[in-house]
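Chemist: Next comes data.cif, mmCIF, C-alpha atoms, pLDDT in the B column; chains and numbers go by the auth columns:
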data_protein
loop_
_atom_site.group_PDB
_atom_site.id
_atom_site.type_symbol
_atom_site.label_atom_id
_atom_site.label_comp_id
_atom_site.label_asym_id
_atom_site.label_seq_id
_atom_site.Cartn_x
_atom_site.Cartn_y
_atom_site.Cartn_z
_atom_site.B_iso_or_equiv
_atom_site.auth_seq_id
_atom_site.auth_asym_id
ATOM 1 C CA MET A 1 0.000 0.000 0.000 85.00 794 A
ATOM 2 C CA ASN A 2 2.789 2.464 0.879 87.00 795 A
ATOM 3 C CA HIS A 3 4.406 1.867 -2.501 85.00 796 A
ATOM 4 C CA VAL A 4 1.118 2.587 -4.287 85.00 797 A
ATOM 5 C CA LEU A 5 0.921 5.884 -2.382 88.00 798 A
ATOM 6 C CA GLY A 6 4.420 6.818 -3.585 88.00 799 A
ATOM 7 C CA PHE A 7 6.617 5.811 -0.639 92.00 800 A
ATOM 8 C CA GLU A 8 9.917 4.135 -1.489 94.00 801 A
ATOM 9 C CA PRO A 9 12.090 2.003 0.829 95.00 802 A
ATOM 10 C CA VAL A 10 15.392 3.657 1.739 95.00 803 A
ATOM 11 C CA THR A 11 18.310 3.033 4.060 94.00 804 A
ATOM 12 C CA TYR A 12 18.139 4.578 7.513 94.00 805 A
ATOM 13 C CA THR A 13 21.041 6.885 6.652 92.00 806 A
ATOM 14 C CA GLU A 14 18.748 8.578 4.118 93.00 807 A
ATOM 15 C CA LEU A 15 16.280 9.615 6.821 94.00 808 A
ATOM 16 C CA THR A 16 16.358 12.954 8.570 92.00 809 A
ATOM 17 C CA LYS A 17 18.405 13.629 11.681 92.00 810 A
ATOM 18 C CA ASP A 18 15.607 15.856 13.048 94.00 811 A
ATOM 19 C CA GLU A 19 14.796 14.774 16.613 94.00 812 A
ATOM 20 C CA HIS A 20 11.119 15.687 16.145 95.00 813 A
ATOM 21 C CA PHE A 21 10.851 13.029 13.410 93.00 814 A
ATOM 22 C CA TRP A 22 12.400 10.354 15.617 95.00 815 A
ATOM 23 C CA GLU A 23 10.042 11.154 18.528 95.00 816 A
ATOM 24 C CA ASN A 24 7.370 9.214 16.637 91.00 817 A
ATOM 25 C CA CYS A 25 9.426 6.021 16.928 93.00 818 A
ATOM 26 C CA LYS A 26 9.394 6.038 20.729 94.00 819 A
ATOM 27 C CA SER A 27 5.994 4.326 20.886 95.00 820 A
ATOM 28 C CA CYS A 28 7.120 1.489 18.577 95.00 821 A
ATOM 29 C CA ILE A 29 7.930 -1.903 20.072 96.00 822 A
ATOM 30 C CA ASN A 30 11.114 -1.905 17.952 96.00 823 A
ATOM 31 C CA CYS A 31 12.431 1.378 19.395 96.00 824 A
ATOM 32 C CA PRO A 32 15.044 -0.308 21.651 96.00 825 A
ATOM 33 C CA ILE A 33 16.474 -2.052 18.575 95.00 826 A
ATOM 34 C CA LEU A 34 16.544 1.206 16.623 95.00 827 A
ATOM 35 C CA LEU A 35 18.330 3.029 19.438 95.00 828 A
ATOM 36 C CA SER A 36 20.819 0.212 20.061 96.00 829 A
ATOM 37 C CA LYS A 37 21.784 0.391 16.375 95.00 830 A
ATOM 38 C CA GLU A 38 22.258 4.205 16.568 94.00 831 A
ATOM 39 C CA ARG A 39 19.296 4.727 14.195 94.00 832 A
ATOM 40 C CA LYS A 40 21.173 2.976 11.392 93.00 833 A
ATOM 41 C CA ASN A 41 19.064 -0.180 11.339 93.00 834 A
ATOM 42 C CA CYS A 42 15.714 -1.466 12.602 94.00 835 A
ATOM 43 C CA LEU A 43 13.160 -4.200 12.035 95.00 836 A
ATOM 44 C CA CYS A 44 10.885 -1.547 10.506 94.00 837 A
ATOM 45 C CA THR A 45 11.256 -0.510 6.871 94.00 838 A
ATOM 46 C CA ALA A 46 12.482 3.048 6.354 94.00 839 A
ATOM 47 C CA MET A 47 10.416 4.791 3.673 94.00 840 A
ATOM 48 C CA LEU A 48 10.434 8.251 2.106 93.00 841 A
ATOM 49 C CA PHE A 49 7.923 10.147 0.013 91.00 842 A
ATOM 50 C CA ASP A 50 9.236 12.461 -2.707 86.00 843 A
ATOM 51 C CA PRO A 51 6.473 14.957 -3.584 87.00 844 A
ATOM 52 C CA GLU A 52 8.282 16.051 -6.765 85.00 845 A
ATOM 53 C CA LYS A 53 8.444 12.478 -8.018 83.00 846 A
ATOM 54 C CA ASN A 54 4.838 11.786 -6.997 80.00 847 A
ATOM 55 C CA ARG A 55 2.965 14.907 -8.080 74.00 848 A
ATOM 56 C CA ASP A 56 -0.138 12.878 -9.004 70.00 849 A
ATOM 57 C CA ASN A 57 -0.402 11.389 -5.508 59.00 850 A
ATOM 58 C CA VAL A 58 -0.027 14.825 -3.912 57.00 851 A
ATOM 59 C CA SER A 59 -2.619 16.391 -6.235 55.00 852 A
ATOM 60 C CA ASP A 60 -5.144 13.635 -5.496 56.00 853 A
ATOM 61 C CA ALA A 61 -4.838 14.225 -1.753 54.00 854 A
ATOM 62 C CA GLU A 62 -5.664 17.929 -2.003 53.00 855 A
#
Any chance you could give the structure as structure tokens?

Modeler:
Amino acid sequence: MNHVLGFEPVTYTELTKDEHFWENCKSCINCPILLSKERKNCLCTAMLFDPEKNRDNVSDAE
């Protein structure tokens, strides 16, 4: 489903360093794993959405 919406899997190094973003991971059961790996690896799949690449998906949501 995420792929259909325009999200693409990426490595954790491609994700933001913004602490506000990572706050959302604290409620996840996998958070201890993420933190023990210094946010470089997790059991979850890291995904990004590129609005420029997915203009149709963004337009449909508006």

Chemist: Using all atoms listed in the file for the distances, tell me which of A:Thr809, A:Ser820, A:Thr838, A:Ser829 is nearest to His796 of chain A.

Modeler: A:Thr838

Chemist: So which residues get picked by the PyMOL selection byres ((chain A and resi 841) around 8) here, written as a list in words?

Modeler: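 For this structure, the PyMOL selection byres ((chain A and resi 841) around 8) captures Phe800, Glu801, Pro802, Val803, Leu808, Ala839, Met840, Phe842 and Asp843 of chain A.
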
Chemist: Specify as a ChimeraX atom specification each residue included when the PyMOL selection byres ((chain A and resi 818) around 12) is applied to this file.

Modeler: /A:812-817,819-828,832,835-837,839

Chemist: Quick check, in Å to one decimal: how far apart do atom CA of Asp849 of chain A and atom CA of Met794 of chain A lie?

Modeler: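 It comes out at 15.7 Å.
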
Chemist: Between A:Asp811, A:Arg848, A:Tyr805, A:Leu798, which residue has the minimum interatomic distance to Asn834 of chain A, considering all atoms listed in the file?

Modeler: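 Of A:Asp811, A:Arg848, A:Tyr805, A:Leu798, the one nearest Asn834 of chain A, counting all atoms listed in the file, is A:Tyr805.
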